[in-house]
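my_file_20.cif follows; it contains mmCIF, C-alpha atoms.
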```
data_upload
loop_
_atom_site.group_PDB
_atom_site.id
_atom_site.type_symbol
_atom_site.label_atom_id
_atom_site.label_comp_id
_atom_site.auth_asym_id
_atom_site.auth_seq_id
_atom_site.Cartn_x
_atom_site.Cartn_y
_atom_site.Cartn_z
ATOM 1 C CA MET A 1 -51.659 154.222 192.738
ATOM 2 C CA ILE A 2 -49.781 155.290 195.842
ATOM 3 C CA ARG A 3 -47.332 158.168 195.596
ATOM 4 C CA GLN A 4 -45.863 161.065 197.541
ATOM 5 C CA ILE A 5 -47.887 164.280 197.524
ATOM 6 C CA THR A 6 -46.817 167.044 195.102
ATOM 7 C CA LEU A 7 -47.396 170.794 194.942
ATOM 8 C CA GLU A 8 -49.928 170.209 192.147
ATOM 9 C CA ASP A 9 -52.117 168.267 194.598
ATOM 10 C CA LYS A 10 -52.934 171.262 196.792
ATOM 11 C CA LYS A 11 -56.563 171.834 195.769
ATOM 12 C CA GLN A 12 -57.493 168.148 195.944
ATOM 13 C CA TRP A 13 -55.626 167.621 199.212
ATOM 14 C CA GLU A 14 -57.367 170.657 200.789
ATOM 15 C CA LYS A 15 -60.796 169.278 199.864
ATOM 16 C CA LEU A 16 -59.939 165.858 201.258
ATOM 17 C CA TYR A 17 -58.373 167.358 204.389
ATOM 18 C CA ARG A 18 -61.515 169.434 205.025
ATOM 19 C CA ASP A 19 -63.599 166.254 204.628
ATOM 20 C CA TYR A 20 -61.287 164.552 207.125
ATOM 21 C CA ALA A 21 -61.725 167.403 209.616
ATOM 22 C CA ASP A 22 -65.523 167.238 209.189
ATOM 23 C CA PHE A 23 -65.460 163.469 209.692
ATOM 24 C CA SER A 24 -63.318 163.964 212.799
ATOM 25 C CA LYS A 25 -65.620 166.751 214.045
ATOM 26 C CA VAL A 26 -62.685 169.171 214.212
ATOM 27 C CA GLU A 27 -62.908 172.786 213.126
ATOM 28 C CA ILE A 28 -60.364 173.575 210.444
ATOM 29 C CA SER A 29 -59.191 177.021 209.433
ATOM 30 C CA ASN A 30 -57.313 178.281 206.401
ATOM 31 C CA LYS A 31 -54.354 178.954 208.698
ATOM 32 C CA ILE A 32 -54.249 175.313 209.775
ATOM 33 C CA LEU A 33 -54.569 174.152 206.176
ATOM 34 C CA GLN A 34 -51.710 176.393 205.064
ATOM 35 C CA THR A 35 -49.544 175.359 208.015
ATOM 36 C CA VAL A 36 -49.958 171.635 207.355
ATOM 37 C CA TRP A 37 -49.531 172.144 203.595
ATOM 38 C CA GLY A 38 -46.307 174.019 204.301
ATOM 39 C CA TRP A 39 -45.050 171.231 206.552
ATOM 40 C CA LEU A 40 -45.711 168.642 203.842
ATOM 41 C CA HIS A 41 -43.450 170.501 201.411
ATOM 42 C CA ASN A 42 -40.752 171.664 203.811
ATOM 43 C CA LYS A 43 -37.749 169.335 203.475
ATOM 44 C CA ASN A 44 -36.712 170.322 207.026
ATOM 45 C CA HIS A 45 -40.048 169.262 208.553
ATOM 46 C CA GLU A 46 -40.528 165.639 209.543
ATOM 47 C CA ILE A 47 -44.149 165.143 208.408
ATOM 48 C CA GLU A 48 -44.665 163.358 205.095
ATOM 49 C CA CYS A 49 -47.703 162.460 203.034
ATOM 50 C CA LEU A 50 -48.674 159.531 200.868
ATOM 51 C CA VAL A 51 -51.691 159.887 198.610
ATOM 52 C CA TYR A 52 -53.787 157.348 196.765
ATOM 53 C CA ASP A 53 -54.409 158.558 193.232
ATOM 54 C CA VAL A 54 -57.177 157.168 191.014
ATOM 55 C CA ASN A 55 -56.835 158.497 187.467
ATOM 56 C CA GLY A 56 -55.443 161.833 188.637
ATOM 57 C CA LYS A 57 -57.844 162.228 191.567
ATOM 58 C CA ILE A 58 -56.565 162.003 195.130
ATOM 59 C CA VAL A 59 -59.003 159.836 197.085
ATOM 60 C CA ALA A 60 -56.973 159.157 200.243
ATOM 61 C CA PHE A 61 -53.991 160.354 202.207
ATOM 62 C CA ALA A 62 -51.725 159.222 205.006
ATOM 63 C CA HIS A 63 -49.673 161.734 207.007
ATOM 64 C CA TYR A 64 -46.779 160.098 208.804
ATOM 65 C CA THR A 65 -43.490 160.870 210.508
ATOM 66 C CA LYS A 66 -40.615 159.183 212.238
ATOM 67 C CA MET A 67 -40.733 159.167 216.014
ATOM 68 C CA PRO A 68 -38.071 158.215 218.561
ATOM 69 C CA ARG A 69 -38.795 155.193 220.736
ATOM 70 C CA THR A 70 -36.598 155.603 223.760
ATOM 71 C CA LEU A 71 -37.020 152.086 225.164
ATOM 72 C CA SER A 72 -35.505 150.614 222.012
ATOM 73 C CA GLY A 73 -33.127 153.466 221.222
ATOM 74 C CA LYS A 74 -34.510 153.504 217.681
ATOM 75 C CA ASP A 75 -36.867 155.485 215.520
ATOM 76 C CA ILE A 76 -40.295 154.127 214.646
ATOM 77 C CA GLY A 77 -43.001 155.387 212.313
ATOM 78 C CA PHE A 78 -46.023 157.314 213.521
ATOM 79 C CA LEU A 79 -49.180 157.588 211.421
ATOM 80 C CA ASP A 80 -50.798 160.927 212.227
ATOM 81 C CA ASP A 81 -53.746 160.811 209.830
ATOM 82 C CA LEU A 82 -55.283 158.288 207.452
ATOM 83 C CA PHE A 83 -58.369 159.232 205.488
ATOM 84 C CA VAL A 84 -60.192 157.732 202.513
ATOM 85 C CA ASP A 85 -62.895 159.625 200.596
ATOM 86 C CA ALA A 86 -66.309 158.177 201.502
ATOM 87 C CA ASN A 87 -66.966 157.275 197.841
ATOM 88 C CA PHE A 88 -63.874 155.051 197.776
ATOM 89 C CA ARG A 89 -64.178 153.212 201.072
ATOM 90 C CA GLY A 90 -64.451 149.447 201.041
ATOM 91 C CA LYS A 91 -61.861 149.126 198.263
ATOM 92 C CA ARG A 92 -58.940 148.346 200.630
ATOM 93 C CA ILE A 93 -57.276 151.692 199.888
ATOM 94 C CA GLY A 94 -56.558 152.266 203.577
ATOM 95 C CA GLU A 95 -54.987 148.817 203.786
ATOM 96 C CA LYS A 96 -52.841 149.550 200.723
ATOM 97 C CA LEU A 97 -51.625 152.794 202.305
ATOM 98 C CA LEU A 98 -50.801 150.969 205.545
ATOM 99 C CA ASN A 99 -48.885 148.312 203.603
ATOM 100 C CA LYS A 100 -46.906 151.034 201.827
ATOM 101 C CA LEU A 101 -46.169 152.626 205.189
ATOM 102 C CA LYS A 102 -44.967 149.252 206.441
ATOM 103 C CA GLU A 103 -42.630 149.104 203.436
ATOM 104 C CA ILE A 104 -41.366 152.635 204.181
ATOM 105 C CA ALA A 105 -40.790 151.587 207.802
ATOM 106 C CA GLY A 106 -38.685 148.658 206.635
ATOM 107 C CA ASN A 107 -36.654 150.892 204.317
ATOM 108 C CA ASN A 108 -35.991 153.293 207.220
ATOM 109 C CA ASN A 109 -35.174 150.576 209.787
ATOM 110 C CA TRP A 110 -38.227 151.472 211.857
ATOM 111 C CA ASP A 111 -39.234 148.452 213.934
ATOM 112 C CA LEU A 112 -42.888 149.409 213.824
ATOM 113 C CA VAL A 113 -45.491 152.002 212.894
ATOM 114 C CA ARG A 114 -47.804 153.278 215.595
ATOM 115 C CA TRP A 115 -51.066 155.249 215.483
ATOM 116 C CA ILE A 116 -54.141 156.055 217.524
ATOM 117 C CA SER A 117 -57.791 155.683 216.608
ATOM 118 C CA LYS A 118 -61.078 156.716 218.144
ATOM 119 C CA GLN A 119 -62.883 153.808 219.769
ATOM 120 C CA ASP A 120 -66.117 154.603 217.926
ATOM 121 C CA ASN A 121 -64.535 154.665 214.444
ATOM 122 C CA LEU A 122 -65.724 151.144 213.689
ATOM 123 C CA PRO A 123 -64.894 150.987 209.948
ATOM 124 C CA ALA A 124 -61.315 152.148 210.534
ATOM 125 C CA ASN A 125 -60.887 149.930 213.578
ATOM 126 C CA THR A 126 -62.101 146.917 211.600
ATOM 127 C CA LEU A 127 -59.245 147.551 209.173
ATOM 128 C CA TYR A 128 -56.729 148.205 211.934
ATOM 129 C CA ASN A 129 -57.701 145.014 213.787
ATOM 130 C CA ARG A 130 -57.183 143.068 210.564
ATOM 131 C CA VAL A 131 -53.705 144.412 209.729
ATOM 132 C CA ALA A 132 -52.182 145.424 213.082
ATOM 133 C CA GLU A 133 -51.965 144.477 216.727
ATOM 134 C CA LYS A 134 -53.992 146.545 219.193
ATOM 135 C CA THR A 135 -51.932 147.532 222.199
ATOM 136 C CA THR A 136 -53.028 147.787 225.816
ATOM 137 C CA TRP A 137 -51.852 151.386 226.206
ATOM 138 C CA ASP A 138 -54.234 154.200 227.104
ATOM 139 C CA LEU A 139 -53.773 157.661 225.641
ATOM 140 C CA TYR A 140 -53.574 160.736 227.859
ATOM 141 C CA GLU A 141 -53.280 164.433 227.022
ATOM 142 C CA ILE A 142 -52.406 167.527 229.039
ATOM 143 C CA LYS A 143 -53.678 170.866 227.784
#
```

Translate the structure of the given file into structure tokens.
Amino acid sequence: MIRQITLEDKKQWEKLYRDYADFSKVEISNKILQTVWGWLHNKNHEIECLVYDVNGKIVAFAHYTKMPRTLSGKDIGFLDDLFVDANFRGKRIGEKLLNKLKEIAGNNNWDLVRWISKQDNLPANTLYNRVAEKTTWDLYEIK
């Protein structure tokens, strides 16, 4: 079942978030974990989290936020992170989370939900190509 994250989910979310960081080849520290966890439970912070719960075990999460889209003068949704435990992939859990996010977007009058994905993440991109339209935009970063 899909639901919002709760304070009781901390230990399971941390494990899954560490797995996500490993999968993404990103070093994660306790400080980062605590910062993101704090954001998820701070009513004044824009980031939110859906989890997919199977019999009391969190097996997936989606971190999302609203984002202004200046060319339309409206807010849209932005999916920051989507991760499904390796043991639960292939069960359309990611698709279910994306569909729930689409529902949330509709409830918030967001015209669309946007996200980025690594080109070599073939399993995720197979899902994304099935449920969404790939844009022609390139992503740039300044550090």

For the point (-45.1, 155.1, 202.7) in the file's frame, write as a list in words all residues with an atom no more than 10 Å away, counting all atoms listed in the file.
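I get Ile2, Arg3, Gln4, Glu48, Cys49, Leu50, Val51, Ala62, His63, Tyr64, Thr65, Gly77, Leu79, Lys96, Leu97, Leu98, Asn99, Lys100, Leu101, Lys102, Glu103, Ile104, Ala105, Gly106 and Asn107 of chain A for the residues within 10 Å of that point.
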
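Here the question is which of A:Val84, A:Ala132, A:Ile47, A:Val26 gets nearest to Trp13 in chain A using only C-alpha atoms, and that residue is A:Val84.
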
My list of candidates is A:Leu40, A:Leu33, A:Leu112, A:Val59. Which is closest to Lys74 in chain A when distances are computed with all atoms listed in the file?
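For Lys74 in chain A, the nearest of the given residues is A:Leu112.
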
Which residues are close to Thr135 in chain A, i.e. within 12 Å by only C-alpha atoms, leaving aside same-chain residues fewer than 3 positions away? Reply as JSON, numbers by chain.
{"A": [114, 115, 116, 117, 128, 129, 132, 138, 139]}

Evaluate the PyMOL selection byres ((chain A and resi 83) around 9) against this structure - the residues, as a PyMOL selection string, please.
chain A and resi 16-17+19-20+59-62+81-82+84-86+94

How would the residues just chosen look if you wrote them out with C-alpha atoms as a PDB file, keeping the file's coordinate frame?
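So again29.pdb came out as:
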```
ATOM      1  CA  LEU A  16     -59.939 165.858 201.258  1.00  0.00           C
ATOM      2  CA  TYR A  17     -58.373 167.358 204.389  1.00  0.00           C
ATOM      3  CA  ASP A  19     -63.599 166.254 204.628  1.00  0.00           C
ATOM      4  CA  TYR A  20     -61.287 164.552 207.125  1.00  0.00           C
ATOM      5  CA  VAL A  59     -59.003 159.836 197.085  1.00  0.00           C
ATOM      6  CA  ALA A  60     -56.973 159.157 200.243  1.00  0.00           C
ATOM      7  CA  PHE A  61     -53.991 160.354 202.207  1.00  0.00           C
ATOM      8  CA  ALA A  62     -51.725 159.222 205.006  1.00  0.00           C
ATOM      9  CA  ASP A  81     -53.746 160.811 209.830  1.00  0.00           C
ATOM     10  CA  LEU A  82     -55.283 158.288 207.452  1.00  0.00           C
ATOM     11  CA  VAL A  84     -60.192 157.732 202.513  1.00  0.00           C
ATOM     12  CA  ASP A  85     -62.895 159.625 200.596  1.00  0.00           C
ATOM     13  CA  ALA A  86     -66.309 158.177 201.502  1.00  0.00           C
ATOM     14  CA  GLY A  94     -56.558 152.266 203.577  1.00  0.00           C
TER      15      GLY A  94
END
```

Å distance separating CA of Gly90 in chain A from CA of Lys11 in chain A, one decimal place:
24.3 Å

Apply the PyMOL selection byres ((chain A and resi 69) around 12) to the structure shown and report the selected residues as a list of chain:residue names.
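On the file shown, the PyMOL selection byres ((chain A and resi 69) around 12) covers A:Lys66, A:Met67, A:Pro68, A:Thr70, A:Leu71, A:Ser72, A:Gly73, A:Lys74, A:Asp75, A:Ile76, A:Gly77, A:Phe78, A:Trp110, A:Asp111, A:Leu112, A:Val113, A:Arg114.
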
Have a look at CA of Asn55 in chain A and CA of Glu14 in chain A and let me know their distance in Å, one decimal.
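Between CA of Asn55 in chain A and CA of Glu14 in chain A the gap is 18.0 Å.
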
Between A:Ile58, A:Ala21, A:Leu122, A:Val131, which one has atoms that come closest to Arg92 in chain A, using all atoms listed in the file?
A:Val131

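Interatomic distance, CA of Ala124 in chain A to CA of Ser24 in chain A: 12.2 Å.
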
Edge lengths and centre, in Å to one decimal, as JSON: that's what I need for the box along x, y and z that holds all listed atoms of range 11-19 of chain A plus 3 Å on each side.
```
{"center_x": -59.6, "center_y": 168.8, "center_z": 200.4, "size_x": 14.0, "size_y": 12.0, "size_z": 15.3}
```
